Amino acid sequence: MTFHNSYEMPDRAEAYSKLDFSGTYYVAFRDLQEIILSNVKGQKALDFGCGSGRSTRFLEKLGFQTIGVDISEAMLRKAIESDSSGEYRLIRECNLDLFEDEIFDLVLSSYTFDNIPTEKKKVANFKEICRVMKKEARMFNIVSSPEMYTHEWVSFSTKNFPENKKAKIGDKVRVQFQTDTQNEEPVIDVFWPDQAYREVYKSAGLEIVGFYKPLGKRSDPFKWISETRIAPWIIYLLKKSNL
């Protein structure tokens, strides 16, 4: 499948860099601090697919010594503009050869794997992540749920893309940012449901130790659309397999 990561476009990078963890994103990150701090020992963190650096800054605020990595130069420029004291590095696709084996206590990947198109590439990336994780390290992989692409949300719309409902593993699916006013082009993701992720993790030497599908709450500071009934995100908590 020919796939172009729309976040690599300069205008998309500009718009995305201005987003924070509000709206539908808030649902994933509302409880993430507690989940991370209760499961991770150590202070050295990798933000894989850091984009404009918002998740890197999130980890830094939690006290982790964090390195953000991405394949997009446009995104990394925005990250450095927002966080000149942070550490950000450009990597090659499916390659973390900048780092030695087993040096990170925590790896966070926020929505990155929504944009990695094939099983082969997903497995290759996860194998590299597994390689740089310490034996007791934990990885948190946040991805879109299958339902993300078929419902309406505070931050996203899918009503113009009814073909999403017929998506199969590896198909392109589209969402429209409700908050991205600088670029009206839809974002193209790759449809990858739960069972497919479980198979990829196993192939890469990772094991699921936690599984979260957070919902919006009435007490949250947003007027939710689907978020209180349907989980827009899945958070996988992973460790190295003992096999």
# chains A, B, ... in the order shown; residues from 1 in each chain; ligands from 1
call {"tool": "closest_atom_pairs", "arguments": {"of": "range 77-158 of chain A", "to": "range 193-216 of chain A", "cutoff": "8 Å", "atoms": "only C-alpha atoms", "output": "CSV"}}
result
residue,atom,partner,partner_atom,distance
A:Glu119,CA,A:Val200,CA,6.9
A:Lys122,CA,A:Val200,CA,7.0
A:Val123,CA,A:Ala204,CA,5.4
A:Ala124,CA,A:Ala204,CA,7.3
A:Phe126,CA,A:Ala204,CA,5.7
A:Lys127,CA,A:Ala204,CA,4.8
A:Cys130,CA,A:Gly205,CA,7.0
A:Ser145,CA,A:Pro193,CA,7.0
A:Pro146,CA,A:Pro193,CA,5.9
call {"tool": "select_by_dssp", "arguments": {"residues": "range 40-105 of chain A", "states": "alpha helix (DSSP H)", "output": "PyMOL selection string"}}
result
chain A and resi 54-61+73-82
call {"tool": "residues_around", "arguments": {"residues": "Lys217 in chain A", "least_positions_apart": "3", "cutoff": "10 Å", "atoms": "only C-alpha atoms", "output": "ChimeraX atom specification"}}
result
/A:27,214,220-224,227-229
call {"tool": "closest_atom_pairs", "arguments": {"of": "range 118-190 of chain A", "to": "range 36-40 of chain A", "cutoff": "10 Å", "atoms": "only C-alpha atoms", "output": "Markdown table"}}
result
| residue | atom | partner | partner_atom | distance |
| --- | --- | --- | --- | --- |
| A:Glu136 | CA | A:Val40 | CA | 8.5 |
| A:Ala137 | CA | A:Val40 | CA | 6.9 |
| A:Arg138 | CA | A:Val40 | CA | 6.3 |
| A:Met139 | CA | A:Val40 | CA | 9.1 |
| A:Phe140 | CA | A:Ile36 | CA | 8.1 |
call {"tool": "closest_residue", "arguments": {"among": "A:Arg131, A:Lys172, A:Lys166, A:Arg54", "to": "Asp105 in chain A", "atoms": "only C-alpha atoms"}}
result
A:Arg131
call {"tool": "closest_residue", "arguments": {"among": "A:Ile230, A:Met133, A:Val69, A:Ile116", "to": "Glu87 in chain A", "atoms": "only C-alpha atoms"}}
result
A:Val69
call {"tool": "atom_distance", "arguments": {"atom1": "CA of His151 in chain A", "atom2": "CA of Glu185 in chain A"}}
result
18.2 Å
call {"tool": "select_by_dssp", "arguments": {"residues": "range 109-138 of chain A", "states": "strand (DSSP E or B)", "output": "list in words"}}
result
Ser109, Ser110, Met133, Lys134, Lys135, Glu136, Ala137 and Arg138 of chain A
call {"tool": "closest_residue", "arguments": {"among": "A:Ile129, A:Ile67, A:Ala79, A:Leu106", "to": "Gly51 in chain A", "atoms": "only C-alpha atoms"}}
result
A:Ala79
call {"tool": "atom_distance", "arguments": {"atom1": "CA of Leu90 in chain A", "atom2": "CA of Lys240 in chain A"}}
result
24.8 Å
call {"tool": "atom_distance", "arguments": {"atom1": "CA of Glu163 in chain A", "atom2": "CA of Val175 in chain A"}}
result
11.3 Å
call {"tool": "closest_residue", "arguments": {"among": "A:Asn141, A:Ser241, A:Thr56, A:Asn95", "to": "Phe113 in chain A", "atoms": "only C-alpha atoms"}}
result
A:Asn141
call {"tool": "closest_residue", "arguments": {"among": "A:Phe99, A:Tyr25, A:Tyr236, A:Tyr88", "to": "Gly68 in chain A", "atoms": "only C-alpha atoms"}}
result
A:Tyr88
call {"tool": "closest_residue", "arguments": {"among": "A:Glu34, A:Glu73, A:Glu102, A:Asp114", "to": "Gly170 in chain A", "atoms": "only C-alpha atoms"}}
result
A:Asp114
call {"tool": "residues_around", "arguments": {"residues": "Phe58 in chain A", "least_positions_apart": "3", "cutoff": "12 Å", "atoms": "only C-alpha atoms", "output": "ChimeraX atom specification"}}
result
/A:20-21,29-30,32-33,36,45-47,50,52-55,61-68,83,86,108,110
